[in-house]
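work01.cif follows (mmCIF, C-alpha atoms):
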data_model
loop_
_atom_site.label_atom_id
_atom_site.label_comp_id
_atom_site.auth_asym_id
_atom_site.auth_seq_id
_atom_site.Cartn_x
_atom_site.Cartn_y
_atom_site.Cartn_z
CA MET V 127 52.58 80.40 111.30
CA ARG V 128 51.63 79.25 107.79
CA THR V 129 53.47 82.26 106.31
CA LEU V 130 56.57 81.42 108.36
CA ALA V 131 56.38 77.82 107.13
CA LEU V 132 56.34 79.07 103.53
CA PHE V 133 59.61 80.94 104.09
CA LYS V 134 61.19 77.75 105.49
CA ASN V 135 60.24 75.83 102.34
CA PRO V 136 63.48 74.33 100.93
CA ARG V 137 62.25 75.06 97.40
CA PHE V 138 62.63 78.76 98.11
CA LEU V 139 66.15 78.29 99.43
CA VAL V 140 67.01 76.59 96.12
CA MET V 141 65.59 79.60 94.27
CA LEU V 142 67.58 81.97 96.50
CA ALA V 143 70.80 80.10 95.72
CA LEU V 144 70.09 79.86 91.99
CA GLY V 145 69.26 83.57 91.88
CA PHE V 146 72.61 84.24 93.55
CA SER V 147 74.41 82.13 90.93
CA ALA V 148 72.56 83.91 88.11
CA GLY V 149 73.45 87.40 89.36
CA ALA V 150 77.12 86.78 90.18
CA PRO V 151 78.62 86.96 86.64
CA LEU V 152 76.85 90.15 85.50
CA PRO V 153 79.01 92.80 87.26
CA LEU V 154 82.18 91.13 85.94
CA VAL V 155 81.40 91.79 82.27
CA LEU V 156 80.03 95.27 82.92
CA GLY V 157 81.31 97.67 85.58
CA ILE V 158 84.27 95.65 86.89
CA LEU V 159 85.75 94.97 83.44
CA ARG V 160 85.42 98.66 82.55
CA ARG V 161 87.07 99.71 85.82
CA TRP V 162 89.96 97.33 85.15
CA MET V 163 90.38 98.62 81.59
CA THR V 164 90.19 102.27 82.66
CA GLU V 165 92.91 101.77 85.29
CA SER V 166 95.00 100.00 82.64
CA GLY V 167 94.97 103.13 80.46
CA ILE V 168 92.69 101.79 77.72
CA SER V 169 90.88 104.49 75.71
CA LEU V 170 87.25 105.41 76.31
CA THR V 171 86.41 104.43 72.74
CA GLU V 172 87.66 100.87 73.33
CA ILE V 173 85.94 100.70 76.73
CA GLY V 174 82.67 101.78 75.12
CA MET V 175 82.87 98.85 72.72
CA THR V 176 82.70 96.46 75.69
CA ALA V 177 78.94 97.07 75.67
CA LEU V 178 78.81 94.54 72.83
CA ILE V 179 80.07 91.84 75.21
CA GLY V 180 76.62 91.77 76.80
CA LEU V 181 74.81 90.87 73.56
CA PRO V 182 74.31 87.20 74.62
CA TYR V 183 71.90 88.43 77.29
CA SER V 184 69.76 90.01 74.55
CA LEU V 185 70.06 87.09 72.12
CA LYS V 186 69.64 84.13 74.46
CA PHE V 187 66.27 83.23 72.95
CA VAL V 188 68.17 82.09 69.83
CA TRP V 189 69.72 78.97 71.45
CA SER V 190 67.09 78.44 74.15
CA PRO V 191 65.30 75.70 72.07
CA LEU V 192 68.48 73.59 72.24
CA LEU V 193 68.76 73.86 76.03
CA ASP V 194 65.02 73.31 76.35
CA ASN V 195 64.93 70.03 74.40
CA ALA V 196 68.36 68.37 74.19
CA MET V 197 69.85 66.30 76.98
CA PRO V 198 73.14 67.62 78.44
CA PRO V 199 76.45 66.05 77.33
CA ALA V 200 77.23 65.09 80.95
CA PHE V 201 75.36 64.67 84.26
CA ARG V 202 72.46 63.05 82.38
CA SER V 203 71.46 61.09 85.46
CA TRP V 204 70.63 64.44 87.08
CA GLY V 205 67.93 65.11 84.48
CA ARG V 206 67.65 67.72 81.75
CA ARG V 207 67.46 70.92 83.81
CA ARG V 208 69.89 70.07 86.61
CA GLY V 209 72.17 68.28 84.16
CA TRP V 210 72.55 71.36 81.96
CA LEU V 211 73.18 73.56 85.01
CA ALA V 212 75.80 71.09 86.28
CA VAL V 213 77.54 71.37 82.88
CA ILE V 214 77.26 75.15 82.51
CA GLN V 215 78.27 76.28 86.00
CA PRO V 216 81.77 74.69 86.14
CA LEU V 217 82.46 76.08 82.65
CA LEU V 218 81.29 79.48 83.89
CA MET V 219 83.71 79.29 86.82
CA LEU V 220 86.58 78.44 84.46
CA ALA V 221 85.67 81.35 82.16
CA ILE V 222 85.68 83.76 85.13
CA LEU V 223 89.10 82.44 86.21
CA ALA V 224 90.41 82.84 82.64
CA MET V 225 89.14 86.40 82.60
CA GLY V 226 90.95 87.20 85.85
CA ALA V 227 94.16 85.52 84.65
CA SER V 228 94.30 87.68 81.51
CA ASP V 229 95.63 91.20 81.12
CA PRO V 230 93.60 93.77 79.15
CA VAL V 231 96.81 95.57 78.13
CA LEU V 232 99.10 92.63 77.25
CA MET V 233 96.35 90.19 76.21
CA PRO V 234 93.29 92.26 75.22
CA LEU V 235 91.93 89.54 72.92
CA ALA V 236 92.14 86.96 75.71
CA THR V 237 90.36 89.30 78.14
CA VAL V 238 87.54 90.07 75.71
CA SER V 239 87.19 86.41 74.65
CA ALA V 240 86.95 85.29 78.27
CA ALA V 241 84.39 88.04 78.99
CA ILE V 242 82.27 86.93 76.00
CA ALA V 243 82.45 83.34 77.27
CA VAL V 244 81.30 84.52 80.73
CA ALA V 245 78.37 86.42 79.19
CA PHE V 246 77.35 83.49 76.95
CA LEU V 247 77.52 80.92 79.76
CA SER V 248 75.76 83.29 82.16
CA ALA V 249 72.92 83.86 79.66
CA SER V 250 72.69 80.09 79.11
CA GLN V 251 72.47 79.54 82.86
CA ASP V 252 69.62 82.08 82.98
CA ILE V 253 67.68 80.11 80.33
CA VAL V 254 67.89 76.85 82.26
CA ILE V 255 67.22 78.41 85.68
CA ASP V 256 64.07 80.12 84.36
CA ALA V 257 62.77 76.82 82.96
CA TYR V 258 63.70 74.95 86.16
CA ARG V 259 62.02 77.59 88.31
CA ILE V 260 58.73 77.43 86.39
CA GLU V 261 58.66 73.61 86.42
CA PHE V 262 60.08 73.18 89.93
CA LEU V 263 57.63 75.40 91.83
CA GLU V 264 53.96 74.73 92.24
CA GLU V 265 51.53 77.34 90.90
CA ARG V 266 50.86 78.84 94.33
CA GLU V 267 54.62 79.07 95.00
CA GLN V 268 55.60 80.94 91.82
CA GLY V 269 55.26 84.47 93.19
CA LEU V 270 57.20 83.93 96.40
CA GLY V 271 59.72 81.71 94.61
CA LEU V 272 60.44 84.48 92.12
CA ALA V 273 60.86 86.94 95.01
CA PHE V 274 63.52 84.68 96.58
CA TYR V 275 65.22 84.39 93.19
CA VAL V 276 65.30 88.20 92.75
CA TRP V 277 66.71 88.75 96.23
CA GLY V 278 69.39 86.13 95.60
CA TYR V 279 70.20 87.90 92.34
CA ARG V 280 70.47 91.29 94.06
CA LEU V 281 72.64 89.87 96.86
CA ALA V 282 75.00 88.50 94.21
CA LEU V 283 75.24 91.91 92.51
CA LEU V 284 76.29 93.32 95.87
CA ALA V 285 78.66 90.46 96.78
CA VAL V 286 80.43 90.60 93.40
CA GLY V 287 80.07 94.28 92.49
CA ALA V 288 81.34 95.54 95.83
CA GLY V 289 83.34 92.47 96.88
CA VAL V 290 85.55 92.17 93.80
CA LEU V 291 86.36 95.89 93.76
CA ALA V 292 87.23 95.94 97.46
CA LEU V 293 89.16 92.64 97.41
CA SER V 294 91.17 93.59 94.33
CA GLU V 295 92.71 96.49 96.24
CA TYR V 296 94.50 93.98 98.49
CA THR V 297 94.89 90.80 96.45
CA GLY V 298 95.04 91.96 92.83
CA TRP V 299 92.54 91.22 90.08
CA PHE V 300 93.14 87.46 89.69
CA TRP V 301 92.28 86.49 93.27
CA ALA V 302 89.32 88.87 93.24
CA PHE V 303 88.01 87.07 90.13
CA ALA V 304 88.75 83.72 91.80
CA TYR V 305 86.52 84.84 94.68
CA ALA V 306 83.75 85.63 92.16
CA ALA V 307 84.20 82.23 90.48
CA ALA V 308 83.91 80.48 93.86
CA LEU V 309 80.54 82.15 94.46
CA ILE V 310 79.06 80.13 91.57
CA LEU V 311 79.46 77.10 93.86
CA VAL V 312 76.43 78.40 95.77
CA GLY V 313 74.32 77.66 92.69
CA PHE V 314 76.06 74.35 92.00
CA LEU V 315 75.30 73.21 95.56
CA ALA V 316 71.62 74.03 95.00
CA VAL V 317 71.65 72.06 91.74
CA TRP V 318 73.32 69.09 93.46
CA LEU V 319 70.90 69.01 96.39
CA GLY V 320 67.76 70.09 94.55
CA PRO V 321 65.46 67.47 92.99
CA GLU V 322 65.06 67.10 89.26
CA VAL V 323 61.66 68.17 88.00
CA LEU V 324 59.43 65.67 86.25
CA SER V 325 57.87 67.55 83.36
CA PRO V 326 56.53 64.98 80.90
CA ARG V 327 55.35 66.79 77.80
CA PRO V 328 52.33 65.66 75.82
CA PRO V 329 53.14 64.21 72.39
CA GLY V 330 51.97 67.39 70.68
CA ALA V 331 54.66 69.36 72.52
CA ARG V 332 57.47 67.24 71.08
CA MET V 333 57.73 69.27 67.89
CA GLY V 334 60.71 69.55 65.59
CA LEU V 335 63.25 72.35 65.92
CA GLY V 336 61.85 74.24 62.92
CA GLN V 337 58.30 74.12 64.29
CA ARG V 338 59.53 75.10 67.76
CA ILE V 339 61.38 78.13 66.39
CA ARG V 340 58.31 79.13 64.37
CA THR V 341 56.09 78.82 67.44
CA ALA V 342 58.59 80.58 69.72
CA LEU V 343 59.62 83.46 67.43
CA ILE V 344 57.49 83.90 64.31
CA GLU V 345 53.98 83.46 65.68
CA PRO V 346 54.44 85.84 68.64
CA PHE V 347 55.76 88.50 66.25
CA THR V 348 52.95 88.06 63.71
CA ASP V 349 50.44 88.28 66.56
CA PHE V 350 52.15 91.43 67.82
CA MET V 351 52.16 93.01 64.35
CA ARG V 352 48.39 92.73 64.11
CA ARG V 353 47.85 95.37 66.77
CA PRO V 354 47.67 99.09 65.90
CA TYR V 355 50.84 101.18 66.12
CA TRP V 356 52.99 98.08 66.61
CA LEU V 357 56.03 99.73 65.01
CA ALA V 358 55.74 102.74 67.32
CA ILE V 359 55.54 100.37 70.28
CA LEU V 360 58.75 98.58 69.23
CA LEU V 361 60.52 101.93 68.69
CA PHE V 362 59.47 103.12 72.13
CA VAL V 363 60.66 99.92 73.82
CA ALA V 364 64.01 100.10 72.01
CA LEU V 365 64.56 103.82 72.70
CA PHE V 366 63.25 104.16 76.27
CA LYS V 367 66.59 103.12 77.80
CA LEU V 368 68.80 104.84 75.17
CA GLY V 369 69.85 107.82 77.29
CA GLU V 370 70.43 105.58 80.30
CA ALA V 371 72.40 103.13 78.14
CA LEU V 372 74.76 105.80 76.83
CA ALA V 373 75.30 107.16 80.34
CA ALA V 374 75.70 103.81 82.10
CA VAL V 375 78.43 102.41 79.84
CA MET V 376 80.70 105.33 80.74
CA VAL V 377 79.97 105.43 84.47
CA THR V 378 83.05 103.40 85.47
CA PRO V 379 85.67 105.39 83.49
CA PHE V 380 83.89 108.59 84.55
CA GLN V 381 84.20 107.68 88.24
CA THR V 382 87.80 106.54 87.79
CA GLN V 383 88.90 109.73 86.04
CA LEU V 384 87.37 111.77 88.86
CA GLY V 385 89.64 109.92 91.29
CA PHE V 386 87.16 107.71 93.15
CA THR V 387 88.90 104.60 94.49
CA ARG V 388 87.65 101.04 94.13
CA VAL V 389 86.62 100.98 97.79
CA GLU V 390 84.69 104.26 97.42
CA VAL V 391 82.92 102.98 94.31
CA ALA V 392 82.10 99.70 96.05
CA GLN V 393 80.76 101.56 99.10
CA VAL V 394 78.71 104.15 97.22
CA GLY V 395 77.95 102.67 93.81
CA SER V 396 77.34 99.06 94.80
CA VAL V 397 76.05 99.09 98.40
CA PHE V 398 74.29 102.46 98.66
CA GLY V 399 73.23 102.33 94.99
CA LEU V 400 71.63 98.92 95.40
CA PHE V 401 69.44 100.07 98.29
CA ALA V 402 68.51 103.25 96.38
CA THR V 403 67.41 101.09 93.41
CA LEU V 404 65.32 98.78 95.62
CA LEU V 405 63.71 101.80 97.30
CA GLY V 406 63.00 103.34 93.88
CA ALA V 407 61.42 100.11 92.66
CA LEU V 408 59.14 100.00 95.73
CA ALA V 409 58.19 103.65 95.23
CA GLY V 410 57.61 103.01 91.52
CA GLY V 411 55.27 100.14 92.29
CA TRP V 412 53.35 102.41 94.68
CA LEU V 413 53.13 105.12 92.00
CA VAL V 414 51.77 102.67 89.44
CA ALA V 415 49.13 101.50 91.91
CA ARG V 416 48.31 105.04 93.02
CA LEU V 417 48.40 106.97 89.74
CA GLY V 418 48.00 104.28 87.08
CA THR V 419 50.51 103.02 84.55
CA ALA V 420 50.14 105.93 82.10
CA ARG V 421 50.71 108.73 84.63
CA ALA V 422 53.49 106.79 86.36
CA LEU V 423 55.24 106.13 83.05
CA VAL V 424 55.24 109.83 82.15
CA LEU V 425 56.46 111.01 85.56
CA THR V 426 59.11 108.33 86.04
CA GLY V 427 60.33 108.68 82.45
CA LEU V 428 60.88 112.40 83.02
CA GLY V 429 62.62 111.66 86.32
CA GLN V 430 64.95 109.15 84.68
CA MET V 431 65.85 111.62 81.94
CA LEU V 432 66.42 114.60 84.25
CA SER V 433 68.47 112.55 86.73
CA ASN V 434 71.43 112.80 84.34
CA VAL V 435 71.81 116.41 85.49
CA MET V 436 73.49 114.87 88.53
CA TYR V 437 76.30 113.52 86.33
CA ILE V 438 76.95 117.05 85.07
CA TRP V 439 77.07 118.35 88.65
CA LEU V 440 79.51 115.59 89.64
CA ALA V 441 81.68 116.32 86.57
CA TYR V 442 82.16 119.89 87.79
CA ALA V 443 82.40 118.95 91.49
CA GLY V 444 85.16 116.38 90.90
CA HIS V 445 86.16 114.05 93.74
CA ASP V 446 83.38 115.14 96.12
CA MET V 447 81.96 112.28 98.18
CA GLY V 448 78.82 114.21 99.13
CA VAL V 449 77.91 114.90 95.51
CA PHE V 450 78.87 111.31 94.62
CA TYR V 451 76.39 109.96 97.19
CA LEU V 452 73.71 112.36 95.97
CA GLN V 453 74.28 111.56 92.29
CA THR V 454 74.25 107.81 92.93
CA GLY V 455 71.14 108.01 95.08
CA VAL V 456 69.16 110.12 92.60
CA GLU V 457 70.25 108.06 89.58
CA ASN V 458 69.50 104.66 91.12
CA PHE V 459 66.26 105.79 92.75
CA THR V 460 64.88 107.25 89.50
CA ASP V 461 66.02 104.18 87.54
CA GLY V 462 64.11 101.98 90.00
CA LEU V 463 61.06 104.22 89.65
CA ALA V 464 61.16 104.11 85.84
CA ASP V 465 61.76 100.35 85.72
CA ALA V 466 58.65 99.65 87.82
CA ALA V 467 56.39 101.64 85.45
CA PHE V 468 58.16 100.49 82.27
CA LEU V 469 57.99 96.78 83.14
CA THR V 470 54.33 97.14 84.08
CA TYR V 471 53.69 98.73 80.67
CA LEU V 472 55.62 95.94 78.91
CA SER V 473 53.50 93.35 80.69
CA ALA V 474 50.34 95.11 79.48
CA LEU V 475 51.60 94.92 75.88
CA THR V 476 51.82 91.13 75.78
CA SER V 477 49.11 88.87 74.38
CA ARG V 478 47.67 86.19 76.66
CA ALA V 479 48.42 83.55 74.05
CA PHE V 480 52.14 84.44 73.92
CA THR V 481 52.80 86.10 77.28
CA ALA V 482 56.18 84.54 78.08
CA THR V 483 57.65 84.76 74.58
CA GLN V 484 56.46 88.29 73.78
CA TYR V 485 57.64 89.57 77.16
CA ALA V 486 61.04 87.93 76.66
CA LEU V 487 61.39 89.46 73.22
CA LEU V 488 60.26 92.91 74.38
CA SER V 489 62.61 92.86 77.36
CA SER V 490 65.46 91.77 75.07
CA LEU V 491 64.64 94.64 72.72
CA ALA V 492 64.72 97.03 75.69
CA ALA V 493 68.34 95.99 76.31
CA VAL V 494 69.48 96.45 72.72
CA GLY V 495 70.45 100.11 73.29
CA THR V 496 72.89 99.15 76.04
CA ARG V 497 74.44 96.37 73.96
CA THR V 498 74.72 98.25 70.63
CA VAL V 499 74.44 102.06 70.67
CA GLY V 500 76.16 102.09 74.05
CA ALA V 501 79.28 100.84 72.30
CA PHE V 502 79.77 104.31 70.79
CA SER V 503 79.51 106.14 74.10
CA GLY V 504 83.29 106.06 74.64
CA SER V 505 84.13 107.89 71.41
CA LEU V 506 81.36 110.43 72.13
CA ALA V 507 82.68 111.07 75.66
CA GLU V 508 86.23 111.54 74.35
CA ALA V 509 85.08 114.00 71.71
CA MET V 510 82.64 116.00 73.83
CA GLY V 511 83.98 115.90 77.40
CA TRP V 512 81.98 114.72 80.41
CA PRO V 513 79.51 117.63 80.95
CA ALA V 514 78.50 117.85 77.27
CA PHE V 515 78.35 114.08 76.97
CA TYR V 516 75.93 113.69 79.86
CA PHE V 517 73.82 116.58 78.58
CA MET V 518 73.61 114.71 75.28
CA THR V 519 72.39 111.57 77.11
CA MET V 520 69.48 113.62 78.41
CA LEU V 521 68.56 114.72 74.88
CA ALA V 522 68.82 111.08 73.71
CA ALA V 523 65.79 110.28 75.87
CA LEU V 524 63.54 112.80 74.11
CA PRO V 525 62.52 110.63 71.09
CA ALA V 526 61.25 107.88 73.41
CA MET V 527 59.36 110.43 75.50
CA GLY V 528 57.65 111.76 72.37
CA ILE V 529 56.67 108.28 71.17
CA MET V 530 55.48 107.42 74.67
CA LEU V 531 53.09 110.39 74.77
CA PHE V 532 51.79 109.44 71.31
CA LEU V 533 51.12 105.84 72.40
CA LEU V 534 49.60 106.65 75.77
CA LYS V 535 47.11 108.98 74.13
CA ARG V 536 46.05 106.44 71.48
CA LEU V 537 46.64 103.13 73.29
CA PRO V 538 46.27 103.83 77.03
CA PRO V 539 47.01 100.79 79.21
CA ALA V 540 44.09 99.24 81.04
CA GLU V 541 43.53 100.87 84.43
CA PRO V 542 41.15 100.26 87.33
CA ALA V 543 37.68 101.72 86.90
CA GLY V 544 37.39 105.44 87.59
CA ARG V 545 41.02 106.22 86.71
CA PRO V 546 41.50 108.05 83.37
CA ALA V 547 44.64 106.43 81.98
CA ALA V 548 45.75 109.16 79.60
CA ALA V 549 44.84 112.22 81.65
CA LEU V 550 48.41 113.54 81.57
CA VAL V 551 48.80 113.19 77.80
CA ASP V 552 45.52 114.69 76.48
#
Could you rewrite the structure in this file as structure tokens?
Amino acid sequence: MRTLALFKNPRFLVMLALGFSAGAPLPLVLGILRRWMTESGISLTEIGMTALIGLPYSLKFVWSPLLDNAMPPAFRSWGRRRGWLAVIQPLLMLAILAMGASDPVLMPLATVSAAIAVAFLSASQDIVIDAYRIEFLEEREQGLGLAFYVWGYRLALLAVGAGVLALSEYTGWFWAFAYAAALILVGFLAVWLGPEVLSPRPPGARMGLGQRIRTALIEPFTDFMRRPYWLAILLFVALFKLGEALAAVMVTPFQTQLGFTRVEVAQVGSVFGLFATLLGALAGGWLVARLGTARALVLTGLGQMLSNVMYIWLAYAGHDMGVFYLQTGVENFTDGLADAAFLTYLSALTSRAFTATQYALLSSLAAVGTRTVGAFSGSLAEAMGWPAFYFMTMLAALPAMGIMLFLLKRLPPAEPAGRPAAALVD
């Protein structure tokens, strides 16, 4: 009965709604934009450059001190956290509407500008929601509150990723984007009804901007650089997702050129793919617990790399729904597996004194490949063709695998007693 009462806690419903609002914009600036551009006849090279639109998600720590300390320009009576969310969310809705009202062929600059605005406002919303979540929930509620947030986030990926693609078949792109903009109201309702947190900071915490930036960015890095093989660690984190990044940016034009409709992509890629990812994440967590982080990281890293063989099979199979289901299932399942082990390893790399900041910086570094090198995937795909391109994405994962084996042998992550962490890499 006490467990059931926890699930009825209105705090968790607020987290569910805010997670939904945080996840809703992401598919718009990634897969949906690329699908729209591919159907509009825009070249793969130009589509590949859209990876740069997501850079705000990797750089959000730069302006987080402003949102953390300054009062919002409006809704000040709602408090700092809720006030900033009440400012950001309507602007985010307008940016989504502007994106849907543009045309990537007739107004490419307007489309890209609106997409950048969506990414920036979405990343800003993430900053404030994370701070609100930590301050809003009691210590014993943090774990379950985060679980509600993640499920809200995943539901939004499904509602927008599949919903916009399916709806656009019947209403056109503008009304599909209007539907996505309206979903942000779920988060705004939670902000309106949710209480403001009272988080009085001790006088020592009210430091100047320069001191805050030094504490937030410089000190965590200097602490990190004191450990052995720190450069190899950073290279591994940056390169681990490189092959996946190159492959993922081209998934939408790849599927479109093979003749898969928006409804088919929504059905297979969004709905079925989401459940395959969640299943992979659960299996990855079990592997980490069963085999240890080191063994799990090796096995899941190999699985993630080899899963790109399925793209090559689909390239030769063409518009084959059976192969499409199989490719999507294998890719998403292995990605979920690898993410579970990789994120566990990242957590083990952080110092207790700078856990939040170092983890944020490491996770941002892990996304750099998608936001930068991924921009060149379109020109590579045009030059090489789909089978050769996806074979190349497999080879792109080899440097990270080599660095990973080097690190696991010399710096094995802590494991429960009786479990040799580096047994697979000796």
Residues matched by the PyMOL selection byres ((chain V and resi 153) around 12) as a count of residues only: 38
Chain and number of each residue from the PyMOL selection byres ((chain V and resi 350-363) around 9), as JSON, numbers by chain: {"V": [345, 346, 347, 348, 349, 364, 365, 366, 367, 468, 472, 475, 476, 477, 484, 488, 489, 491, 492, 493, 525, 526, 527, 528, 529, 530, 532, 533, 536, 537]}
Spatial neighbours of Ala249 in chain V, max dist 7 Å, only C-alpha atoms, sep filter under 4 positions, as a list in words: Pro182, Tyr183, Lys186, Ala245 and Ile253 of chain V
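Atom pair CA of Asp194 in chain V / CA of Leu247 in chain V has a distance of 15.0 Å (rounded to one decimal).
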CA of Leu311 in chain V to CA of Phe138 in chain V, distance in Å rounded to a single decimal: 17.4 Å
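Atom to atom, CA of Val231 in chain V and CA of Met376 in chain V stand 19.0 Å apart.
Among the candidate residues V:Trp162, V:Phe246, V:Trp277, V:Tyr258, the one lying nearest to Gly205 in chain V is V:Tyr258, with distances computed using only C-alpha atoms.
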Residue among V:Gly411, V:Gly174, V:Gly504, V:Gly313 lying closest to Ile214 in chain V, counting all atoms listed in the file: V:Gly313
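Minimum distance to Val394 in chain V across V:Phe450, V:Trp204, V:Trp189, V:Tyr471 (counting all atoms listed in the file) occurs at V:Phe450.
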